[in-house]
file upload.csv (CSV, C-alpha atoms)
chain,number,residue,atom,x,y,z
A,1,MET,CA,144.5,24.0,-40.4
A,2,LYS,CA,146.9,24.1,-37.5
A,3,THR,CA,149.4,21.3,-38.3
A,4,ILE,CA,151.4,20.2,-41.3
A,5,ASP,CA,149.7,16.8,-41.2
A,6,GLU,CA,146.3,18.6,-41.7
A,7,VAL,CA,147.8,20.4,-44.6
A,8,LEU,CA,148.9,17.2,-46.2
A,9,VAL,CA,145.4,15.7,-45.8
A,10,ARG,CA,144.1,18.7,-47.8
A,11,MET,CA,146.9,18.5,-50.3
A,12,ASP,CA,146.0,14.8,-50.9
A,13,GLN,CA,142.4,15.8,-51.5
A,14,ILE,CA,143.5,18.5,-54.0
A,15,VAL,CA,145.7,16.1,-55.9
A,16,ASP,CA,143.0,13.5,-56.1
A,17,GLU,CA,140.5,16.2,-57.3
A,18,CYS,CA,142.9,17.4,-60.0
A,19,LYS,CA,143.4,13.9,-61.2
A,20,SER,CA,139.7,13.1,-61.4
A,21,GLU,CA,139.0,16.4,-63.2
A,22,GLN,CA,142.1,16.2,-65.4
A,23,SER,CA,143.0,19.6,-64.1
A,24,ARG,CA,146.5,20.8,-65.0
A,25,MET,CA,146.6,22.6,-61.6
A,26,GLY,CA,147.6,19.2,-60.4
A,27,TYR,CA,151.1,19.6,-61.8
A,28,PHE,CA,151.9,22.2,-59.2
A,29,ALA,CA,149.8,20.4,-56.5
A,30,ILE,CA,151.9,17.3,-57.0
A,31,LEU,CA,155.2,19.3,-56.6
A,32,TYR,CA,153.9,21.3,-53.7
A,33,ARG,CA,152.7,18.2,-51.8
A,34,GLN,CA,156.2,16.8,-52.1
A,35,VAL,CA,157.7,20.0,-50.8
A,36,THR,CA,155.3,19.9,-47.8
A,37,ARG,CA,156.2,16.2,-47.1
A,38,ARG,CA,159.9,17.0,-47.3
A,39,ILE,CA,159.5,19.9,-44.8
A,40,ARG,CA,157.4,17.7,-42.5
A,41,ASP,CA,160.2,15.1,-42.6
A,42,GLY,CA,162.8,17.7,-41.9
A,43,ILE,CA,160.8,18.9,-38.9
A,44,LEU,CA,160.6,15.4,-37.5
A,45,VAL,CA,164.4,15.1,-37.5
A,46,ARG,CA,164.8,18.6,-36.2
A,47,GLU,CA,166.9,19.9,-39.1
A,48,PHE,CA,165.6,23.5,-39.0
A,49,GLU,CA,166.7,26.3,-36.7
A,50,ASP,CA,163.3,26.5,-35.1
A,51,ASN,CA,161.2,23.4,-36.0
A,52,GLU,CA,158.0,24.5,-34.2
A,53,ARG,CA,158.2,27.9,-36.0
A,54,MET,CA,158.9,26.1,-39.3
A,55,GLU,CA,155.6,24.2,-38.9
A,56,LYS,CA,153.8,27.4,-38.3
A,57,LEU,CA,155.4,28.9,-41.4
A,58,ASP,CA,154.6,25.9,-43.5
A,59,VAL,CA,150.9,25.9,-42.4
A,60,LEU,CA,150.5,29.6,-43.2
A,61,PHE,CA,152.4,29.2,-46.5
A,62,ALA,CA,150.4,26.2,-47.7
A,63,GLY,CA,147.2,27.8,-46.4
A,64,ARG,CA,147.6,30.6,-48.9
A,65,PHE,CA,147.7,28.2,-51.9
A,66,ILE,CA,144.8,26.1,-50.5
A,67,GLN,CA,142.7,29.3,-49.8
A,68,ALA,CA,143.4,30.5,-53.4
A,69,TYR,CA,142.5,27.1,-54.8
A,70,ASP,CA,139.3,26.9,-52.8
A,71,LEU,CA,138.2,30.5,-53.7
A,72,TRP,CA,138.7,29.7,-57.4
A,73,LYS,CA,136.8,26.4,-57.2
A,74,SER,CA,133.9,28.2,-55.5
A,75,GLY,CA,133.7,30.8,-58.2
A,76,GLN,CA,135.3,33.5,-56.1
A,77,LYS,CA,138.4,35.6,-57.0
A,78,PRO,CA,141.8,34.8,-55.5
A,79,THR,CA,144.8,37.0,-56.0
A,80,ASN,CA,145.5,37.9,-59.6
A,81,SER,CA,148.8,36.0,-59.7
A,82,TRP,CA,147.0,32.8,-58.6
A,83,LEU,CA,144.0,33.6,-60.9
A,84,LEU,CA,146.3,33.6,-63.9
A,85,ALA,CA,147.7,30.3,-62.9
A,86,PHE,CA,144.3,28.7,-62.4
A,87,GLU,CA,142.9,30.1,-65.7
A,88,ALA,CA,146.0,28.9,-67.6
A,89,SER,CA,145.4,25.4,-66.1
A,90,MET,CA,142.1,25.2,-68.0
A,91,THR,CA,143.8,25.2,-71.5
A,92,SER,CA,146.0,22.6,-73.1
A,93,LYS,CA,148.1,25.1,-75.0
A,94,HIS,CA,150.7,25.6,-72.2
A,95,LEU,CA,153.6,23.3,-71.4
A,96,VAL,CA,153.8,21.3,-68.2
A,97,LEU,CA,156.8,23.5,-67.2
A,98,GLN,CA,154.7,26.7,-67.7
A,99,HIS,CA,152.0,25.4,-65.3
A,100,LEU,CA,154.6,24.5,-62.7
A,101,PHE,CA,156.3,27.9,-62.9
A,102,LEU,CA,153.0,29.8,-62.8
A,103,GLY,CA,152.3,28.1,-59.4
A,104,ILE,CA,155.8,28.7,-58.1
A,105,ASN,CA,155.7,32.3,-59.2
A,106,ALA,CA,152.5,33.0,-57.3
A,107,HIS,CA,153.5,31.0,-54.2
A,108,ILE,CA,157.1,32.2,-53.8
A,109,ASN,CA,156.9,35.7,-55.1
A,110,LEU,CA,153.7,36.6,-53.3
A,111,ASP,CA,152.7,34.1,-50.7
A,112,LEU,CA,156.1,33.3,-49.1
A,113,GLY,CA,157.0,36.8,-48.0
A,114,ILE,CA,153.6,37.3,-46.5
A,115,SER,CA,153.7,34.0,-44.6
A,116,ALA,CA,157.2,34.7,-43.2
A,117,ALA,CA,156.1,38.0,-41.8
A,118,ASP,CA,152.9,36.7,-40.4
A,119,THR,CA,154.8,33.8,-38.8
A,120,MET,CA,157.1,36.2,-36.9
A,121,GLY,CA,154.3,38.5,-35.7
A,122,THR,CA,156.2,41.2,-33.7
A,123,GLU,CA,159.5,39.3,-33.5
A,124,PRO,CA,162.3,40.6,-35.7
A,125,ILE,CA,161.8,39.3,-39.3
A,126,ALA,CA,165.6,38.6,-39.6
A,127,GLY,CA,165.2,35.7,-37.2
A,128,ILE,CA,163.5,33.5,-39.8
A,129,GLN,CA,165.7,34.1,-42.8
A,130,ASN,CA,167.7,30.9,-42.6
A,131,ASP,CA,164.7,28.7,-42.4
A,132,PHE,CA,163.0,30.8,-45.1
A,133,ASN,CA,165.9,30.0,-47.3
A,134,LYS,CA,165.7,26.3,-46.5
A,135,ILE,CA,162.1,26.2,-47.8
A,136,ASN,CA,163.3,27.6,-51.1
A,137,ALA,CA,166.3,25.2,-51.2
A,138,VAL,CA,163.9,22.2,-50.9
A,139,LEU,CA,161.7,23.6,-53.7
A,140,ALA,CA,164.7,24.3,-55.9
A,141,GLU,CA,166.0,20.8,-55.4
A,142,LEU,CA,162.7,19.2,-56.3
A,143,VAL,CA,162.1,21.4,-59.3
A,144,ASP,CA,165.6,20.6,-60.6
A,145,GLY,CA,164.7,16.9,-60.4
A,146,VAL,CA,161.5,17.6,-62.4
A,147,LYS,CA,163.4,19.6,-65.1
A,148,VAL,CA,166.0,16.9,-65.5
A,149,ASN,CA,163.4,14.2,-66.0
A,150,ILE,CA,160.6,16.2,-67.7
A,151,GLY,CA,161.7,14.7,-71.0
A,152,LYS,CA,159.6,11.7,-70.1
A,153,VAL,CA,156.4,13.6,-70.5
A,154,SER,CA,157.8,16.2,-72.9
A,155,PRO,CA,160.1,14.3,-75.3
A,156,ILE,CA,161.6,17.3,-77.1
A,157,PHE,CA,161.6,19.7,-74.2
A,158,GLY,CA,165.4,19.6,-74.3
A,159,TRP,CA,165.4,21.5,-77.5
A,160,LEU,CA,164.3,24.6,-75.6
A,161,ILE,CA,167.3,24.7,-73.3
A,162,PRO,CA,170.0,25.9,-75.7
A,163,LEU,CA,167.6,28.7,-76.9
A,164,ALA,CA,167.9,30.4,-73.4
A,165,LYS,CA,171.5,31.4,-73.9
A,166,GLY,CA,171.8,35.1,-74.4
A,167,ARG,CA,168.1,35.7,-74.4
A,168,ASP,CA,165.8,37.3,-71.8
A,169,GLU,CA,163.2,34.5,-71.9
A,170,MET,CA,161.5,34.2,-68.5
A,171,LEU,CA,160.1,30.7,-69.2
A,172,LEU,CA,163.6,29.3,-69.7
A,173,ASN,CA,165.5,31.5,-67.3
A,174,PHE,CA,163.0,31.4,-64.4
A,175,SER,CA,165.2,31.4,-61.3
A,176,ILE,CA,163.9,30.2,-57.9
A,177,GLN,CA,166.9,31.8,-56.3
A,178,LEU,CA,166.0,35.2,-57.7
A,179,ALA,CA,162.4,34.6,-56.7
A,180,ARG,CA,163.5,33.8,-53.2
A,181,ASP,CA,165.6,36.9,-53.0
A,182,GLY,CA,162.7,39.0,-54.1
A,183,ALA,CA,160.4,37.3,-51.7
A,184,TRP,CA,162.7,37.9,-48.8
A,185,LYS,CA,162.9,41.6,-49.7
A,186,TYR,CA,159.1,41.8,-49.9
A,187,ALA,CA,158.8,40.0,-46.5
A,188,GLY,CA,160.7,42.9,-44.9
A,189,GLU,CA,158.6,45.5,-46.7
A,190,TYR,CA,155.3,43.7,-45.8
A,191,TYR,CA,156.5,43.2,-42.2
A,192,GLY,CA,157.2,46.9,-41.8
A,193,CYS,CA,154.3,48.5,-43.6
A,194,GLU,CA,151.2,49.9,-42.0
A,195,ASP,CA,148.7,49.1,-44.7
A,196,ARG,CA,149.3,45.5,-45.4
A,197,SER,CA,146.1,45.0,-47.6
A,198,THR,CA,147.3,47.7,-50.0
A,199,SER,CA,150.8,46.2,-49.9
A,200,ILE,CA,149.5,42.8,-51.0
A,201,LEU,CA,147.4,44.4,-53.8
A,202,GLU,CA,150.4,46.2,-55.2
A,203,ARG,CA,152.7,43.2,-54.9
A,204,ASP,CA,150.1,41.0,-56.5
A,205,ALA,CA,149.8,43.3,-59.5
A,206,ASN,CA,153.6,43.1,-60.0
A,207,ILE,CA,153.7,39.3,-59.7
A,208,ALA,CA,150.7,39.0,-62.1
A,209,LYS,CA,152.9,40.8,-64.7
A,210,LEU,CA,155.5,38.1,-64.3
A,211,ALA,CA,152.8,35.5,-64.7
A,212,ASN,CA,151.8,37.0,-68.0
A,213,LYS,CA,155.4,36.7,-69.1
A,214,LEU,CA,155.3,33.0,-68.3
A,215,ILE,CA,152.1,32.6,-70.2
A,216,ASN,CA,153.2,34.7,-73.1
A,217,PRO,CA,157.0,34.2,-73.4
A,218,GLY,CA,157.4,36.0,-76.6
A,219,LYS,CA,157.2,35.4,-80.4
A,220,PHE,CA,160.6,33.8,-80.5
A,221,LEU,CA,159.4,30.8,-78.4
A,222,LEU,CA,155.8,30.4,-79.5
A,223,LEU,CA,156.5,28.1,-82.4
A,224,MET,CA,158.8,25.9,-80.3
A,225,ILE,CA,156.2,25.8,-77.5
A,226,LYS,CA,153.6,24.5,-80.0
A,227,MET,CA,156.1,21.9,-81.2
A,228,VAL,CA,157.0,20.7,-77.7
A,229,GLY,CA,153.4,20.8,-76.6
A,230,PHE,CA,152.3,18.7,-79.6
A,231,VAL,CA,154.3,15.7,-78.3
A,232,GLU,CA,153.8,16.2,-74.6
A,233,TRP,CA,151.6,13.6,-72.9
A,234,LYS,CA,148.0,14.6,-73.1
A,235,SER,CA,146.7,12.7,-70.1
A,236,VAL,CA,146.8,15.0,-67.1
A,237,SER,CA,146.6,12.2,-64.5
A,238,ARG,CA,149.3,10.2,-66.3
A,239,THR,CA,151.6,13.3,-66.3
A,240,MET,CA,150.8,13.9,-62.6
A,241,ASP,CA,151.8,10.3,-61.8
A,242,GLN,CA,155.1,10.7,-63.7
A,243,LEU,CA,155.9,14.0,-62.1
A,244,ASP,CA,155.2,12.5,-58.7
A,245,THR,CA,157.7,9.7,-59.5
A,246,VAL,CA,160.3,12.2,-60.7
A,247,VAL,CA,159.9,14.3,-57.6
A,248,LYS,CA,160.3,11.3,-55.3
A,249,GLU,CA,163.4,10.2,-57.1
A,250,ALA,CA,164.8,13.7,-56.8
A,251,GLN,CA,164.4,13.6,-53.0
A,252,THR,CA,166.8,10.6,-52.8
A,253,ILE,CA,169.7,12.4,-54.6

call {"tool": "encode", "arguments": {"input": "upload.csv", "output": "structure tokens"}}
result
Amino acid sequence: MKTIDEVLVRMDQIVDECKSEQSRMGYFAILYRQVTRRIRDGILVREFEDNERMEKLDVLFAGRFIQAYDLWKSGQKPTNSWLLAFEASMTSKHLVLQHLFLGINAHINLDLGISAADTMGTEPIAGIQNDFNKINAVLAELVDGVKVNIGKVSPIFGWLIPLAKGRDEMLLNFSIQLARDGAWKYAGEYYGCEDRSTSILERDANIAKLANKLINPGKFLLLMIKMVGFVEWKSVSRTMDQLDTVVKEAQTI
């Protein structure tokens, strides 16, 4: 894929596939397709510092998710952080929010830094920081819209929010801003290292640990998760449609 429009064609295919197979990976795919559309629209109105470079970054960034998805679907092994997200999508015991954050965790904490460095090639990595931050701002905006409205698919989700106060619960306190900051730091490390393959393996191992914390958030939340999950919508395709509506509404704010 060389253009953002080609990326969107593939994302449409993945969303349709997840719907037909009732795959919970579709929750992240819906969100990420909207992120890609939003960036495409931003490029068209020239809102980024370097719009041609932003398209290159977006194609590389989306390509890492698409490659991981295609590897998994063909029975091959993607990075561990993506593998945990894909494996979690095969069970109904996790909340919609867990599935979303597992995808975001792998994509921002691992993929974004790599994509930013690869986009710059031999040019100074600092040159892309502002547009790098804008991608995260778009994602954070859309995720906030999802979290505000997720009660439609998870009626008692709001009960979890007060429990986050004063507790180190990654599921409730997952911060896209912190992920962004960590991703930018890693972009610099990856850009400057000589053995990039080893760097990815080491980074992936660390991000997989975060994924495990999202999957297993601690005894304190397990009962609440079961209660919330009991009343969440069971239809994956219906939930995907609702999340898509929520995300579109969030874009108009």

call {"tool": "closest_residue", "arguments": {"input": "upload.csv", "among": "A:Asp131, A:Thr36, A:Asp204, A:Val7", "to": "A:Gln67", "atoms": "all atoms listed in the file"}}
result
A:Val7

call {"tool": "closest_residue", "arguments": {"input": "upload.csv", "among": "A:Ala62, A:Ile114, A:Ala183, A:Leu102", "to": "A:Lys209", "atoms": "all atoms listed in the file"}}
result
A:Leu102

call {"tool": "closest_residue", "arguments": {"input": "upload.csv", "among": "A:Trp82, A:Arg38, A:Ser92, A:Leu60", "to": "A:Ser235", "atoms": "all atoms listed in the file"}}
result
A:Ser92

call {"tool": "residues_near_point", "arguments": {"input": "upload.csv", "point": "(159.4, 19.2, -39.2)", "cutoff": "12 Å", "atoms": "all atoms listed in the file", "output": "PDB file with C-alpha atoms, in the coordinates of the input"}}
result
ATOM      1  CA  THR A   3     149.400  21.300 -38.300  1.00  0.00           C
ATOM      2  CA  ILE A   4     151.400  20.200 -41.300  1.00  0.00           C
ATOM      3  CA  ASP A   5     149.700  16.800 -41.200  1.00  0.00           C
ATOM      4  CA  VAL A  35     157.700  20.000 -50.800  1.00  0.00           C
ATOM      5  CA  THR A  36     155.300  19.900 -47.800  1.00  0.00           C
ATOM      6  CA  ARG A  37     156.200  16.200 -47.100  1.00  0.00           C
ATOM      7  CA  ARG A  38     159.900  17.000 -47.300  1.00  0.00           C
ATOM      8  CA  ILE A  39     159.500  19.900 -44.800  1.00  0.00           C
ATOM      9  CA  ARG A  40     157.400  17.700 -42.500  1.00  0.00           C
ATOM     10  CA  ASP A  41     160.200  15.100 -42.600  1.00  0.00           C
ATOM     11  CA  GLY A  42     162.800  17.700 -41.900  1.00  0.00           C
ATOM     12  CA  ILE A  43     160.800  18.900 -38.900  1.00  0.00           C
ATOM     13  CA  LEU A  44     160.600  15.400 -37.500  1.00  0.00           C
ATOM     14  CA  VAL A  45     164.400  15.100 -37.500  1.00  0.00           C
ATOM     15  CA  ARG A  46     164.800  18.600 -36.200  1.00  0.00           C
ATOM     16  CA  GLU A  47     166.900  19.900 -39.100  1.00  0.00           C
ATOM     17  CA  PHE A  48     165.600  23.500 -39.000  1.00  0.00           C
ATOM     18  CA  GLU A  49     166.700  26.300 -36.700  1.00  0.00           C
ATOM     19  CA  ASP A  50     163.300  26.500 -35.100  1.00  0.00           C
ATOM     20  CA  ASN A  51     161.200  23.400 -36.000  1.00  0.00           C
ATOM     21  CA  GLU A  52     158.000  24.500 -34.200  1.00  0.00           C
ATOM     22  CA  ARG A  53     158.200  27.900 -36.000  1.00  0.00           C
ATOM     23  CA  MET A  54     158.900  26.100 -39.300  1.00  0.00           C
ATOM     24  CA  GLU A  55     155.600  24.200 -38.900  1.00  0.00           C
ATOM     25  CA  LYS A  56     153.800  27.400 -38.300  1.00  0.00           C
ATOM     26  CA  LEU A  57     155.400  28.900 -41.400  1.00  0.00           C
ATOM     27  CA  ASP A  58     154.600  25.900 -43.500  1.00  0.00           C
ATOM     28  CA  VAL A  59     150.900  25.900 -42.400  1.00  0.00           C
ATOM     29  CA  ASP A 131     164.700  28.700 -42.400  1.00  0.00           C
ATOM     30  CA  LYS A 134     165.700  26.300 -46.500  1.00  0.00           C
ATOM     31  CA  ILE A 135     162.100  26.200 -47.800  1.00  0.00           C
TER      32      ILE A 135
END

call {"tool": "closest_residue", "arguments": {"input": "upload.csv", "among": "A:Leu71, A:Ala208, A:Leu8, A:Leu110", "to": "A:Arg33", "atoms": "only C-alpha atoms"}}
result
A:Leu8

call {"tool": "closest_residue", "arguments": {"input": "upload.csv", "among": "A:Ile66, A:Met120, A:Val138, A:Leu100", "to": "A:Glu6", "atoms": "all atoms listed in the file"}}
result
A:Ile66

call {"tool": "residues_around", "arguments": {"input": "upload.csv", "residues": "stretch 189-198 of chain A", "least_positions_apart": "3", "cutoff": "9 Å", "atoms": "all atoms listed in the file", "output": "number ranges by chain"}}
result
A: 113-114, 116-118, 120-122, 125, 184-186, 201-203

call {"tool": "residues_near_point", "arguments": {"input": "upload.csv", "point": "(145.4, 17.5, -51.5)", "cutoff": "12 Å", "atoms": "only C-alpha atoms", "output": "ChimeraX atom specification"}}
result
/A:5-19,25-34,36-37,62-63,65-66,69-70

call {"tool": "atom_distance", "arguments": {"input": "upload.csv", "atom1": "atom CA of A:Thr245", "atom2": "atom CA of A:Val96"}}
result
15.0 Å

call {"tool": "atom_distance", "arguments": {"input": "upload.csv", "atom1": "atom CA of A:Ile104", "atom2": "atom CA of A:Met90"}}
result
17.3 Å

call {"tool": "residues_around", "arguments": {"input": "upload.csv", "residues": "A:Ile215", "least_positions_apart": "5", "cutoff": "10 Å", "atoms": "only C-alpha atoms", "output": "PDB file with C-alpha atoms, in the frame of the given file"}}
result
ATOM      1  CA  LEU A  84     146.300  33.600 -63.900  1.00  0.00           C
ATOM      2  CA  ALA A  85     147.700  30.300 -62.900  1.00  0.00           C
ATOM      3  CA  ALA A  88     146.000  28.900 -67.600  1.00  0.00           C
ATOM      4  CA  LYS A  93     148.100  25.100 -75.000  1.00  0.00           C
ATOM      5  CA  HIS A  94     150.700  25.600 -72.200  1.00  0.00           C
ATOM      6  CA  LEU A  95     153.600  23.300 -71.400  1.00  0.00           C
ATOM      7  CA  GLN A  98     154.700  26.700 -67.700  1.00  0.00           C
ATOM      8  CA  HIS A  99     152.000  25.400 -65.300  1.00  0.00           C
ATOM      9  CA  PHE A 101     156.300  27.900 -62.900  1.00  0.00           C
ATOM     10  CA  LEU A 102     153.000  29.800 -62.800  1.00  0.00           C
ATOM     11  CA  MET A 170     161.500  34.200 -68.500  1.00  0.00           C
ATOM     12  CA  LEU A 171     160.100  30.700 -69.200  1.00  0.00           C
ATOM     13  CA  LYS A 209     152.900  40.800 -64.700  1.00  0.00           C
ATOM     14  CA  LEU A 210     155.500  38.100 -64.300  1.00  0.00           C
TER      15      LEU A 210
END

call {"tool": "atom_distance", "arguments": {"input": "upload.csv", "atom1": "atom CA of A:Phe86", "atom2": "atom CA of A:Asn105"}}
result
12.4 Å

call {"tool": "closest_residue", "arguments": {"input": "upload.csv", "among": "A:Arg180, A:Gln129, A:Arg24, A:Asp144", "to": "A:Thr91", "atoms": "only C-alpha atoms"}}
result
A:Arg24

call {"tool": "decode", "arguments": {"input": "upload.csv", "residues": "stretch 190-200 of chain A", "atoms": "all heavy atoms", "output": "short mmCIF file (atom, residue, chain, number, x, y, z; two decimals), in the first residue's frame"}}
result
data_model
loop_
_atom_site.label_atom_id
_atom_site.label_comp_id
_atom_site.auth_asym_id
_atom_site.auth_seq_id
_atom_site.Cartn_x
_atom_site.Cartn_y
_atom_site.Cartn_z
N TYR A 190 14.81 3.84 18.70
CA TYR A 190 14.79 2.98 17.51
C TYR A 190 15.52 3.65 16.35
O TYR A 190 16.29 3.02 15.62
CB TYR A 190 13.34 2.67 17.13
CG TYR A 190 13.17 1.88 15.86
CD1 TYR A 190 13.36 0.50 15.84
CD2 TYR A 190 12.80 2.52 14.68
CE1 TYR A 190 13.19 -0.22 14.66
CE2 TYR A 190 12.62 1.81 13.50
CZ TYR A 190 12.82 0.44 13.50
OH TYR A 190 12.66 -0.27 12.34
N TYR A 191 15.29 4.95 16.19
CA TYR A 191 15.93 5.73 15.12
C TYR A 191 17.45 5.67 15.23
O TYR A 191 18.15 5.56 14.23
CB TYR A 191 15.43 7.18 15.20
CG TYR A 191 16.08 8.12 14.22
CD1 TYR A 191 15.58 8.25 12.92
CD2 TYR A 191 17.16 8.92 14.59
CE1 TYR A 191 16.16 9.14 12.03
CE2 TYR A 191 17.75 9.81 13.70
CZ TYR A 191 17.24 9.90 12.42
OH TYR A 191 17.82 10.78 11.53
N GLY A 192 17.94 5.72 16.47
CA GLY A 192 19.39 5.81 16.67
C GLY A 192 20.11 4.50 16.86
O GLY A 192 21.34 4.48 16.92
N CYS A 193 19.37 3.38 16.96
CA CYS A 193 20.05 2.12 17.27
C CYS A 193 20.59 1.46 16.00
O CYS A 193 20.09 1.69 14.89
CB CYS A 193 19.12 1.17 18.01
SG CYS A 193 17.83 0.43 16.99
N GLU A 194 21.57 0.61 16.17
CA GLU A 194 22.16 -0.09 15.03
C GLU A 194 21.44 -1.39 14.71
O GLU A 194 21.30 -1.77 13.56
CB GLU A 194 23.64 -0.36 15.32
CG GLU A 194 24.50 0.90 15.42
CD GLU A 194 25.97 0.58 15.62
OE1 GLU A 194 26.32 -0.62 15.64
OE2 GLU A 194 26.77 1.52 15.73
N ASP A 195 20.98 -2.09 15.76
CA ASP A 195 20.30 -3.37 15.56
C ASP A 195 18.80 -3.19 15.79
O ASP A 195 18.29 -3.39 16.89
CB ASP A 195 20.87 -4.41 16.54
CG ASP A 195 20.34 -5.82 16.26
OD1 ASP A 195 19.39 -5.95 15.46
OD2 ASP A 195 20.88 -6.78 16.86
N ARG A 196 18.09 -2.79 14.75
CA ARG A 196 16.68 -2.46 14.90
C ARG A 196 15.82 -3.70 15.15
O ARG A 196 14.82 -3.62 15.85
CB ARG A 196 16.18 -1.70 13.67
CG ARG A 196 16.75 -0.29 13.59
CD ARG A 196 16.13 0.53 12.48
NE ARG A 196 16.46 1.95 12.62
CZ ARG A 196 15.97 2.91 11.83
NH1 ARG A 196 15.15 2.58 10.83
NH2 ARG A 196 16.31 4.17 12.03
N SER A 197 16.20 -4.82 14.61
CA SER A 197 15.42 -6.05 14.82
C SER A 197 15.42 -6.44 16.30
O SER A 197 14.37 -6.78 16.88
CB SER A 197 15.99 -7.20 13.99
OG SER A 197 15.86 -6.94 12.62
N THR A 198 16.59 -6.37 16.93
CA THR A 198 16.67 -6.68 18.36
C THR A 198 15.92 -5.64 19.18
O THR A 198 15.24 -5.97 20.16
CB THR A 198 18.14 -6.73 18.81
OG1 THR A 198 18.81 -7.78 18.11
CG2 THR A 198 18.25 -6.98 20.30
N SER A 199 16.00 -4.39 18.76
CA SER A 199 15.28 -3.33 19.46
C SER A 199 13.78 -3.58 19.45
O SER A 199 13.10 -3.41 20.47
CB SER A 199 15.58 -1.97 18.79
OG SER A 199 14.84 -0.94 19.40
N ILE A 200 13.25 -4.01 18.32
CA ILE A 200 11.81 -4.30 18.23
C ILE A 200 11.44 -5.46 19.13
O ILE A 200 10.41 -5.43 19.82
CB ILE A 200 11.41 -4.58 16.76
CG1 ILE A 200 11.52 -3.30 15.93
CG2 ILE A 200 10.00 -5.15 16.69
CD1 ILE A 200 11.27 -3.51 14.45
#
